[in-house]
Amino acid sequence: MTDGNGDRRRGLDGPAPEERPTPTGRRNEQGIRIDPAVEATHEPRRTVISTLVEHEPGVLSDVSGLFSRRQFNIESLTVGPTTDEDRARITLVVEEPDPGIDQIKKQLRKLVPVISVRELESDAMRRELALVKIDADEPAQVSAVADMYDGKTVDSCPETATIEITGSRQKIDAAIETFEQFGIREIDRTGTTALARGIQSTAAPASTTESTATEASQPQNQYAPADDD
């Protein structure tokens with residue numbers, strides 16, 4: 001290989017070092033360069049991603065490791081069985097800008113145990129369970145507040161009462177805020193679980209359908225209001 005003057009030079013063809021394009025975007029703590037488009041001014045939004053996976057050891061570790069490495073903002077993660085004992089459903093609640101949400105779905109689809117990934121619509125059925133242990137110095141008032149939020153007393157003693165509340169995230173947040181007047185000792189929340197409305201499959205596998213006919217045969221109200229209770 002020679003240059004324009006006939007002198008022999010070493011190396012591959014290409015621009016000189018000073019002429020090569022310089023990558024843009026900062027690096028995170030793991031040294032991974034972040035795409036500037038992802039960091040552009042996009043307002044974050046909260047969304048639910050339903051992922052159908054093979055029910056095998058290590059799947060949850062793979063998914064949680066992905067979020068840790070990429071530093072995605074995960075609000076909650078729940079795992080549960082499906083109608084197929086060989087598969088499990090992971091429900092993720094994330095709060096990211098749209099480019100970040102797209103990256104989450106793309107990265108999840110690359111994992112070997114993942115069968116399908118779907119971002120659920122805003123009207124999907126979303127539910128969460130919370131246990132709230134509060135001081136029971138005023139049992140009548142505590143019971144009245146529990147009834148207001150369709151709560152159920154699952155444990156009580158002269159000093160405390162533990163209330164179970166099921167519903168949307170907004171409902172549980174409101175209940176906890178109201179219970180604060182009595183003094184809250186402990187709270188435990190499950191995180192969000194969700195299913196698509198109507199006959200839609202929440203996360204249909206690429207090859208076979210997860211008992212779609214069975215789920216579709218159940219009574220559904222496609223015109224039910226969104227989860228705002």
# chains A, B, ... in the order shown; residues from 1 in each chain; ligands from 1
>>> residues_around(residues="Asn28 of chain A", least_positions_apart="3", cutoff="12 Å", atoms="only C-alpha atoms", output="NGL selection string")
:A and (25 or 31-35 or 39 or 68-72)
>>> write_last_selection(atoms="all heavy atoms", output="CSV table (one decimal), in the first residue's frame")
chain,number,residue,atom,x,y,z
A,25,GLY,N,-22.3,11.9,23.2
A,25,GLY,CA,-23.1,11.3,24.3
A,25,GLY,C,-22.2,10.9,25.4
A,25,GLY,O,-21.1,10.4,25.2
A,31,GLY,N,-19.8,2.7,32.0
A,31,GLY,CA,-18.9,3.0,30.8
A,31,GLY,C,-19.7,2.8,29.5
A,31,GLY,O,-19.1,2.9,28.5
A,32,ILE,N,-21.0,2.6,29.6
A,32,ILE,CA,-21.8,2.5,28.4
A,32,ILE,C,-22.2,3.8,27.9
A,32,ILE,O,-22.7,4.7,28.6
A,32,ILE,CB,-23.1,1.6,28.6
A,32,ILE,CG1,-22.7,0.2,29.1
A,32,ILE,CG2,-23.9,1.5,27.4
A,32,ILE,CD1,-23.8,-0.6,29.6
A,33,ARG,N,-21.9,4.1,26.6
A,33,ARG,CA,-22.2,5.4,26.0
A,33,ARG,C,-23.7,5.5,25.8
A,33,ARG,O,-24.4,4.6,25.3
A,33,ARG,CB,-21.5,5.7,24.7
A,33,ARG,CG,-21.6,7.1,24.2
A,33,ARG,CD,-20.8,7.3,23.0
A,33,ARG,NE,-19.3,7.1,23.2
A,33,ARG,CZ,-18.5,8.0,23.7
A,33,ARG,NH1,-18.9,9.1,24.1
A,33,ARG,NH2,-17.2,7.7,23.9
A,34,ILE,N,-24.3,6.7,26.3
A,34,ILE,CA,-25.8,6.9,26.2
A,34,ILE,C,-26.1,7.7,24.9
A,34,ILE,O,-25.5,8.7,24.6
A,34,ILE,CB,-26.3,7.6,27.4
A,34,ILE,CG1,-26.0,6.8,28.7
A,34,ILE,CG2,-27.8,7.9,27.3
A,34,ILE,CD1,-26.3,7.5,30.0
A,35,ASP,N,-27.0,7.1,24.1
A,35,ASP,CA,-27.4,7.8,22.9
A,35,ASP,C,-28.0,9.2,23.2
A,35,ASP,O,-28.9,9.3,24.0
A,35,ASP,CB,-28.5,6.9,22.2
A,35,ASP,CG,-28.8,7.5,20.8
A,35,ASP,OD1,-28.5,8.6,20.5
A,35,ASP,OD2,-29.5,6.7,20.0
A,39,GLU,N,-31.4,10.9,25.6
A,39,GLU,CA,-31.3,11.9,26.6
A,39,GLU,C,-31.9,13.2,26.2
A,39,GLU,O,-31.9,14.2,27.0
A,39,GLU,CB,-29.9,12.1,27.0
A,39,GLU,CG,-29.3,11.0,27.9
A,39,GLU,CD,-28.2,11.4,28.8
A,39,GLU,OE1,-27.3,12.1,28.2
A,39,GLU,OE2,-28.2,11.1,30.0
A,68,SER,N,-30.8,-3.1,35.7
A,68,SER,CA,-29.7,-2.6,36.4
A,68,SER,C,-28.5,-2.1,35.5
A,68,SER,O,-28.0,-1.0,35.7
A,68,SER,CB,-29.1,-3.7,37.4
A,68,SER,OG,-28.0,-3.2,38.1
A,69,ARG,N,-28.2,-2.9,34.5
A,69,ARG,CA,-27.1,-2.5,33.6
A,69,ARG,C,-27.4,-1.2,32.8
A,69,ARG,O,-26.6,-0.4,32.6
A,69,ARG,CB,-26.8,-3.6,32.6
A,69,ARG,CG,-26.2,-4.8,33.3
A,69,ARG,CD,-25.6,-5.8,32.2
A,69,ARG,NE,-26.6,-6.2,31.2
A,69,ARG,CZ,-27.5,-7.2,31.4
A,69,ARG,NH1,-27.4,-7.9,32.5
A,69,ARG,NH2,-28.3,-7.5,30.5
A,70,ARG,N,-28.7,-1.1,32.4
A,70,ARG,CA,-29.1,0.0,31.5
A,70,ARG,C,-29.6,1.2,32.3
A,70,ARG,O,-29.8,2.2,31.7
A,70,ARG,CB,-30.2,-0.5,30.5
A,70,ARG,CG,-29.7,-1.6,29.6
A,70,ARG,CD,-28.9,-1.1,28.5
A,70,ARG,NE,-28.4,-2.1,27.6
A,70,ARG,CZ,-27.8,-1.9,26.4
A,70,ARG,NH1,-27.6,-0.7,26.0
A,70,ARG,NH2,-27.4,-2.9,25.7
A,71,GLN,N,-29.7,1.0,33.6
A,71,GLN,CA,-30.1,2.1,34.5
A,71,GLN,C,-31.5,2.6,34.1
A,71,GLN,O,-31.8,3.8,34.1
A,71,GLN,CB,-29.1,3.2,34.5
A,71,GLN,CG,-27.8,2.8,35.1
A,71,GLN,CD,-26.8,4.0,35.3
A,71,GLN,OE1,-26.8,4.9,34.5
A,71,GLN,NE2,-26.1,4.0,36.4
A,72,PHE,N,-32.4,1.7,33.7
A,72,PHE,CA,-33.8,2.1,33.5
A,72,PHE,C,-34.5,2.4,34.8
A,72,PHE,O,-34.2,1.7,35.8
A,72,PHE,CB,-34.5,1.1,32.7
A,72,PHE,CG,-34.0,0.9,31.3
A,72,PHE,CD1,-33.6,-0.3,30.8
A,72,PHE,CD2,-33.9,2.0,30.4
A,72,PHE,CE1,-33.2,-0.5,29.5
A,72,PHE,CE2,-33.5,1.9,29.1
A,72,PHE,CZ,-33.1,0.6,28.6
>>> select_by_dssp(residues="segment 45-122 of chain A", states="helix (DSSP H, G or I)", output="list in words")
Val59, Leu60, Ser61, Asp62, Val63, Ser64, Gly65, Leu66, Phe67, Ser68, Arg69, Arg70, Asp98, Pro99, Gly100, Ile101, Asp102, Gln103, Ile104, Lys105, Lys106, Gln107, Leu108, Arg109 and Lys110 of chain A
>>> write_last_selection(atoms="C-alpha atoms", output="PDB file, in the first residue's frame")
ATOM      1  CA  VAL A  59     -35.342 -15.529  34.244  1.00  0.00           C
ATOM      2  CA  LEU A  60     -36.098 -12.903  36.879  1.00  0.00           C
ATOM      3  CA  SER A  61     -32.376 -12.384  37.418  1.00  0.00           C
ATOM      4  CA  ASP A  62     -31.893 -11.829  33.678  1.00  0.00           C
ATOM      5  CA  VAL A  63     -34.676  -9.248  33.516  1.00  0.00           C
ATOM      6  CA  SER A  64     -33.684  -7.366  36.665  1.00  0.00           C
ATOM      7  CA  GLY A  65     -30.027  -7.452  35.552  1.00  0.00           C
ATOM      8  CA  LEU A  66     -31.000  -5.817  32.276  1.00  0.00           C
ATOM      9  CA  PHE A  67     -32.623  -2.923  34.110  1.00  0.00           C
ATOM     10  CA  SER A  68     -29.654  -2.572  36.436  1.00  0.00           C
ATOM     11  CA  ARG A  69     -27.100  -2.472  33.622  1.00  0.00           C
ATOM     12  CA  ARG A  70     -29.056  -0.017  31.502  1.00  0.00           C
ATOM     13  CA  ASP A  98     -40.536   7.378  24.974  1.00  0.00           C
ATOM     14  CA  PRO A  99     -37.035   6.540  23.617  1.00  0.00           C
ATOM     15  CA  GLY A 100     -36.229   4.815  26.903  1.00  0.00           C
ATOM     16  CA  ILE A 101     -39.462   2.815  26.816  1.00  0.00           C
ATOM     17  CA  ASP A 102     -38.684   1.704  23.254  1.00  0.00           C
ATOM     18  CA  GLN A 103     -35.216   0.590  24.380  1.00  0.00           C
ATOM     19  CA  ILE A 104     -36.682  -1.382  27.285  1.00  0.00           C
ATOM     20  CA  LYS A 105     -38.954  -3.331  24.932  1.00  0.00           C
ATOM     21  CA  LYS A 106     -36.142  -3.950  22.431  1.00  0.00           C
ATOM     22  CA  GLN A 107     -33.732  -5.156  25.110  1.00  0.00           C
ATOM     23  CA  LEU A 108     -36.342  -7.422  26.715  1.00  0.00           C
ATOM     24  CA  ARG A 109     -37.055  -9.084  23.360  1.00  0.00           C
ATOM     25  CA  LYS A 110     -33.358  -9.975  23.045  1.00  0.00           C
TER      26      LYS A 110
END
>>> residues_around(residues="segment 76-89 of chain A", least_positions_apart="3", cutoff="8 Å", atoms="only C-alpha atoms", output="number ranges by chain")
A: 50-56, 92-94, 190-193, 210-211
>>> atom_distance(atom1="atom CA of Ala174 of chain A", atom2="atom CA of Ala161 of chain A")
18.1 Å
>>> select_by_dssp(residues="segment 58-214 of chain A", states="strand (DSSP E)", output="JSON, numbers by chain")
{"A": [74, 75, 76, 77, 78, 79, 80, 81, 87, 88, 89, 90, 91, 92, 93, 94, 95, 96, 114, 115, 116, 117, 118, 119, 125, 126, 127, 128, 129, 130, 131, 132, 133, 134, 135, 152, 153, 154, 155, 156, 160, 161, 162, 163, 164, 165, 166, 167, 184, 185, 186, 187, 188, 189, 193, 194, 195]}
>>> atom_distance(atom1="atom CA of Val117 of chain A", atom2="atom CA of Thr91 of chain A")
9.9 Å
>>> residues_around(residues="segment 154-158 of chain A", least_positions_apart="3", cutoff="10 Å", atoms="only C-alpha atoms", output="list in words")
Leu131, Val132, Lys133, Ile134, Asp135, Ala136, Asp137, Pro139, Gly151, Ala161, Thr162, Ile163 and Glu164 of chain A
>>> write_last_selection(atoms="N, CA, C and O atoms", output="PDB file, in the first residue's frame")
ATOM      1  N   LEU A 131     -50.885  -3.893  52.182  1.00  0.00           N
ATOM      2  CA  LEU A 131     -51.177  -4.145  53.592  1.00  0.00           C
ATOM      3  C   LEU A 131     -50.660  -2.949  54.382  1.00  0.00           C
ATOM      4  O   LEU A 131     -49.484  -2.584  54.254  1.00  0.00           O
ATOM      5  N   VAL A 132     -51.548  -2.349  55.179  1.00  0.00           N
ATOM      6  CA  VAL A 132     -51.194  -1.161  55.945  1.00  0.00           C
ATOM      7  C   VAL A 132     -51.453  -1.422  57.421  1.00  0.00           C
ATOM      8  O   VAL A 132     -52.599  -1.680  57.815  1.00  0.00           O
ATOM      9  N   LYS A 133     -50.401  -1.384  58.227  1.00  0.00           N
ATOM     10  CA  LYS A 133     -50.545  -1.576  59.672  1.00  0.00           C
ATOM     11  C   LYS A 133     -50.545  -0.211  60.331  1.00  0.00           C
ATOM     12  O   LYS A 133     -49.604   0.563  60.200  1.00  0.00           O
ATOM     13  N   ILE A 134     -51.632   0.085  61.067  1.00  0.00           N
ATOM     14  CA  ILE A 134     -51.788   1.411  61.656  1.00  0.00           C
ATOM     15  C   ILE A 134     -52.126   1.293  63.143  1.00  0.00           C
ATOM     16  O   ILE A 134     -52.533   0.238  63.638  1.00  0.00           O
ATOM     17  N   ASP A 135     -51.935   2.394  63.863  1.00  0.00           N
ATOM     18  CA  ASP A 135     -52.322   2.441  65.265  1.00  0.00           C
ATOM     19  C   ASP A 135     -53.835   2.370  65.381  1.00  0.00           C
ATOM     20  O   ASP A 135     -54.560   2.996  64.604  1.00  0.00           O
ATOM     21  N   ALA A 136     -54.307   1.595  66.354  1.00  0.00           N
ATOM     22  CA  ALA A 136     -55.749   1.365  66.492  1.00  0.00           C
ATOM     23  C   ALA A 136     -56.319   2.056  67.727  1.00  0.00           C
ATOM     24  O   ALA A 136     -57.210   1.523  68.390  1.00  0.00           O
ATOM     25  N   ASP A 137     -55.810   3.249  68.022  1.00  0.00           N
ATOM     26  CA  ASP A 137     -56.328   3.989  69.182  1.00  0.00           C
ATOM     27  C   ASP A 137     -57.766   4.445  68.956  1.00  0.00           C
ATOM     28  O   ASP A 137     -58.519   4.657  69.914  1.00  0.00           O
ATOM     29  N   PRO A 139     -60.514   2.830  66.898  1.00  0.00           N
ATOM     30  CA  PRO A 139     -60.963   1.729  66.025  1.00  0.00           C
ATOM     31  C   PRO A 139     -62.169   2.082  65.164  1.00  0.00           C
ATOM     32  O   PRO A 139     -62.263   1.618  64.019  1.00  0.00           O
ATOM     33  N   GLY A 151     -61.588  -1.464  52.099  1.00  0.00           N
ATOM     34  CA  GLY A 151     -60.526  -2.196  52.769  1.00  0.00           C
ATOM     35  C   GLY A 151     -61.062  -3.320  53.639  1.00  0.00           C
ATOM     36  O   GLY A 151     -62.227  -3.336  54.035  1.00  0.00           O
ATOM     37  N   ALA A 161     -54.041  -2.283  63.899  1.00  0.00           N
ATOM     38  CA  ALA A 161     -54.930  -2.948  62.934  1.00  0.00           C
ATOM     39  C   ALA A 161     -54.225  -2.980  61.583  1.00  0.00           C
ATOM     40  O   ALA A 161     -53.574  -2.006  61.194  1.00  0.00           O
ATOM     41  N   THR A 162     -54.337  -4.099  60.885  1.00  0.00           N
ATOM     42  CA  THR A 162     -53.739  -4.225  59.556  1.00  0.00           C
ATOM     43  C   THR A 162     -54.862  -4.325  58.534  1.00  0.00           C
ATOM     44  O   THR A 162     -55.722  -5.200  58.627  1.00  0.00           O
ATOM     45  N   ILE A 163     -54.835  -3.400  57.580  1.00  0.00           N
ATOM     46  CA  ILE A 163     -55.888  -3.293  56.579  1.00  0.00           C
ATOM     47  C   ILE A 163     -55.349  -3.727  55.221  1.00  0.00           C
ATOM     48  O   ILE A 163     -54.246  -3.334  54.825  1.00  0.00           O
ATOM     49  N   GLU A 164     -56.139  -4.542  54.523  1.00  0.00           N
ATOM     50  CA  GLU A 164     -55.802  -4.951  53.154  1.00  0.00           C
ATOM     51  C   GLU A 164     -56.616  -4.112  52.180  1.00  0.00           C
ATOM     52  O   GLU A 164     -57.833  -4.023  52.291  1.00  0.00           O
TER      53      GLU A 164
END
>>> closest_residue(among="A:Gly14, A:Ser122, A:Ser116, A:Glu19", to="Arg45 of chain A", atoms="only C-alpha atoms")
A:Ser122
>>> closest_residue(among="A:Ile74, A:Ala203, A:Ala140, A:Ile165", to="Glu96 of chain A", atoms="only C-alpha atoms")
A:Ile74
>>> atom_distance(atom1="atom CA of Gln181 of chain A", atom2="atom CA of Val142 of chain A")
9.6 Å
>>> closest_residue(among="A:Glu186, A:Glu177, A:Glu18, A:Glu43", to="Tyr149 of chain A", atoms="only C-alpha atoms")
A:Glu177
>>> decode(residues="segment 100-115 of chain A", atoms="all heavy atoms", output="mmCIF file, in the first residue's frame")
data_model
loop_
_atom_site.group_PDB
_atom_site.id
_atom_site.type_symbol
_atom_site.label_atom_id
_atom_site.label_comp_id
_atom_site.auth_asym_id
_atom_site.auth_seq_id
_atom_site.Cartn_x
_atom_site.Cartn_y
_atom_site.Cartn_z
ATOM 1 N N GLY A 100 -36.620 5.786 25.895
ATOM 2 C CA GLY A 100 -36.229 4.815 26.903
ATOM 3 C C GLY A 100 -37.178 3.634 26.951
ATOM 4 O O GLY A 100 -36.748 2.483 27.109
ATOM 5 N N ILE A 101 -38.473 3.895 26.817
ATOM 6 C CA ILE A 101 -39.462 2.815 26.816
ATOM 7 C C ILE A 101 -39.248 1.909 25.603
ATOM 8 O O ILE A 101 -39.327 0.681 25.707
ATOM 9 C CB ILE A 101 -40.890 3.402 26.831
ATOM 10 C CG1 ILE A 101 -41.156 4.100 28.171
ATOM 11 C CG2 ILE A 101 -41.932 2.311 26.588
ATOM 12 C CD1 ILE A 101 -42.454 4.869 28.226
ATOM 13 N N ASP A 102 -38.961 2.509 24.447
ATOM 14 C CA ASP A 102 -38.684 1.704 23.254
ATOM 15 C C ASP A 102 -37.456 0.818 23.471
ATOM 16 O O ASP A 102 -37.431 -0.347 23.064
ATOM 17 C CB ASP A 102 -38.463 2.610 22.039
ATOM 18 C CG ASP A 102 -39.741 3.294 21.583
ATOM 19 O OD1 ASP A 102 -40.836 2.790 21.939
ATOM 20 O OD2 ASP A 102 -39.658 4.327 20.892
ATOM 21 N N GLN A 103 -36.425 1.370 24.115
ATOM 22 C CA GLN A 103 -35.216 0.590 24.380
ATOM 23 C C GLN A 103 -35.496 -0.565 25.338
ATOM 24 O O GLN A 103 -34.954 -1.667 25.177
ATOM 25 C CB GLN A 103 -34.128 1.500 24.959
ATOM 26 C CG GLN A 103 -33.367 2.293 23.921
ATOM 27 C CD GLN A 103 -32.629 1.401 22.951
ATOM 28 O OE1 GLN A 103 -31.945 0.451 23.338
ATOM 29 N NE2 GLN A 103 -32.745 1.703 21.665
ATOM 30 N N ILE A 104 -36.329 -0.322 26.343
ATOM 31 C CA ILE A 104 -36.682 -1.382 27.285
ATOM 32 C C ILE A 104 -37.321 -2.552 26.545
ATOM 33 O O ILE A 104 -36.954 -3.715 26.744
ATOM 34 C CB ILE A 104 -37.637 -0.840 28.370
ATOM 35 C CG1 ILE A 104 -36.886 0.105 29.314
ATOM 36 C CG2 ILE A 104 -38.268 -1.988 29.165
ATOM 37 C CD1 ILE A 104 -37.784 0.831 30.293
ATOM 38 N N LYS A 105 -38.271 -2.262 25.668
ATOM 39 C CA LYS A 105 -38.954 -3.331 24.932
ATOM 40 C C LYS A 105 -37.987 -4.061 23.996
ATOM 41 O O LYS A 105 -38.016 -5.295 23.892
ATOM 42 C CB LYS A 105 -40.142 -2.744 24.155
ATOM 43 C CG LYS A 105 -41.261 -2.247 25.067
ATOM 44 C CD LYS A 105 -42.469 -1.781 24.290
ATOM 45 C CE LYS A 105 -42.245 -0.466 23.607
ATOM 46 N NZ LYS A 105 -43.484 0.077 22.997
ATOM 47 N N LYS A 106 -37.104 -3.324 23.338
ATOM 48 C CA LYS A 106 -36.142 -3.950 22.431
ATOM 49 C C LYS A 106 -35.179 -4.857 23.201
ATOM 50 O O LYS A 106 -34.869 -5.967 22.760
ATOM 51 C CB LYS A 106 -35.368 -2.875 21.670
ATOM 52 C CG LYS A 106 -36.191 -2.128 20.636
ATOM 53 C CD LYS A 106 -35.369 -1.036 19.978
ATOM 54 C CE LYS A 106 -36.200 -0.251 18.965
ATOM 55 N NZ LYS A 106 -35.425 0.861 18.355
ATOM 56 N N GLN A 107 -34.689 -4.370 24.341
ATOM 57 C CA GLN A 107 -33.732 -5.156 25.110
ATOM 58 C C GLN A 107 -34.392 -6.387 25.720
ATOM 59 O O GLN A 107 -33.780 -7.455 25.799
ATOM 60 C CB GLN A 107 -33.103 -4.287 26.210
ATOM 61 C CG GLN A 107 -32.236 -3.145 25.699
ATOM 62 C CD GLN A 107 -31.067 -3.621 24.856
ATOM 63 O OE1 GLN A 107 -30.465 -4.650 25.136
ATOM 64 N NE2 GLN A 107 -30.751 -2.877 23.804
ATOM 65 N N LEU A 108 -35.637 -6.267 26.166
ATOM 66 C CA LEU A 108 -36.342 -7.422 26.715
ATOM 67 C C LEU A 108 -36.517 -8.509 25.656
ATOM 68 O O LEU A 108 -36.373 -9.696 25.932
ATOM 69 C CB LEU A 108 -37.709 -7.004 27.259
ATOM 70 C CG LEU A 108 -37.723 -6.297 28.616
ATOM 71 C CD1 LEU A 108 -39.116 -5.753 28.917
ATOM 72 C CD2 LEU A 108 -37.279 -7.241 29.724
ATOM 73 N N ARG A 109 -36.824 -8.104 24.434
ATOM 74 C CA ARG A 109 -37.055 -9.084 23.360
ATOM 75 C C ARG A 109 -35.781 -9.846 23.007
ATOM 76 O O ARG A 109 -35.845 -10.912 22.397
ATOM 77 C CB ARG A 109 -37.623 -8.381 22.125
ATOM 78 C CG ARG A 109 -39.045 -7.859 22.331
ATOM 79 C CD ARG A 109 -39.652 -7.332 21.038
ATOM 80 N NE ARG A 109 -41.010 -6.860 21.256
ATOM 81 C CZ ARG A 109 -41.364 -5.578 21.276
ATOM 82 N NH1 ARG A 109 -40.441 -4.642 21.084
ATOM 83 N NH2 ARG A 109 -42.615 -5.215 21.492
ATOM 84 N N LYS A 110 -34.624 -9.303 23.358
ATOM 85 C CA LYS A 110 -33.358 -9.975 23.045
ATOM 86 C C LYS A 110 -33.036 -11.092 24.034
ATOM 87 O O LYS A 110 -32.177 -11.928 23.758
ATOM 88 C CB LYS A 110 -32.210 -8.957 23.044
ATOM 89 C CG LYS A 110 -32.275 -7.944 21.904
ATOM 90 C CD LYS A 110 -31.103 -6.975 21.986
ATOM 91 C CE LYS A 110 -31.147 -5.946 20.873
ATOM 92 N NZ LYS A 110 -30.010 -4.989 20.967
ATOM 93 N N LEU A 111 -33.690 -11.095 25.195
ATOM 94 C CA LEU A 111 -33.409 -12.119 26.196
ATOM 95 C C LEU A 111 -33.985 -13.458 25.739
ATOM 96 O O LEU A 111 -35.134 -13.544 25.306
ATOM 97 C CB LEU A 111 -34.002 -11.724 27.549
ATOM 98 C CG LEU A 111 -33.434 -10.440 28.191
ATOM 99 C CD1 LEU A 111 -34.146 -10.146 29.506
ATOM 100 C CD2 LEU A 111 -31.934 -10.564 28.423
ATOM 101 N N VAL A 112 -33.195 -14.505 25.881
ATOM 102 C CA VAL A 112 -33.598 -15.829 25.380
ATOM 103 C C VAL A 112 -34.880 -16.349 26.037
ATOM 104 O O VAL A 112 -35.744 -16.892 25.351
ATOM 105 C CB VAL A 112 -32.438 -16.833 25.565
ATOM 106 C CG1 VAL A 112 -32.898 -18.248 25.201
ATOM 107 C CG2 VAL A 112 -31.254 -16.435 24.708
ATOM 108 N N PRO A 113 -35.062 -16.218 27.365
ATOM 109 C CA PRO A 113 -36.279 -16.798 27.957
ATOM 110 C C PRO A 113 -37.554 -16.025 27.647
ATOM 111 O O PRO A 113 -38.641 -16.487 27.965
ATOM 112 C CB PRO A 113 -35.986 -16.758 29.474
ATOM 113 C CG PRO A 113 -34.527 -16.424 29.598
ATOM 114 C CD PRO A 113 -34.175 -15.661 28.385
ATOM 115 N N VAL A 114 -37.441 -14.843 27.030
ATOM 116 C CA VAL A 114 -38.615 -14.005 26.781
ATOM 117 C C VAL A 114 -39.345 -14.479 25.538
ATOM 118 O O VAL A 114 -38.756 -14.663 24.477
ATOM 119 C CB VAL A 114 -38.205 -12.532 26.637
ATOM 120 C CG1 VAL A 114 -39.400 -11.686 26.189
ATOM 121 C CG2 VAL A 114 -37.659 -12.001 27.966
ATOM 122 N N ILE A 115 -40.653 -14.686 25.679
ATOM 123 C CA ILE A 115 -41.488 -15.151 24.564
ATOM 124 C C ILE A 115 -42.123 -13.967 23.851
ATOM 125 O O ILE A 115 -42.140 -13.898 22.627
ATOM 126 C CB ILE A 115 -42.574 -16.114 25.072
ATOM 127 C CG1 ILE A 115 -41.917 -17.338 25.719
ATOM 128 C CG2 ILE A 115 -43.513 -16.531 23.953
ATOM 129 C CD1 ILE A 115 -42.877 -18.247 26.431
#
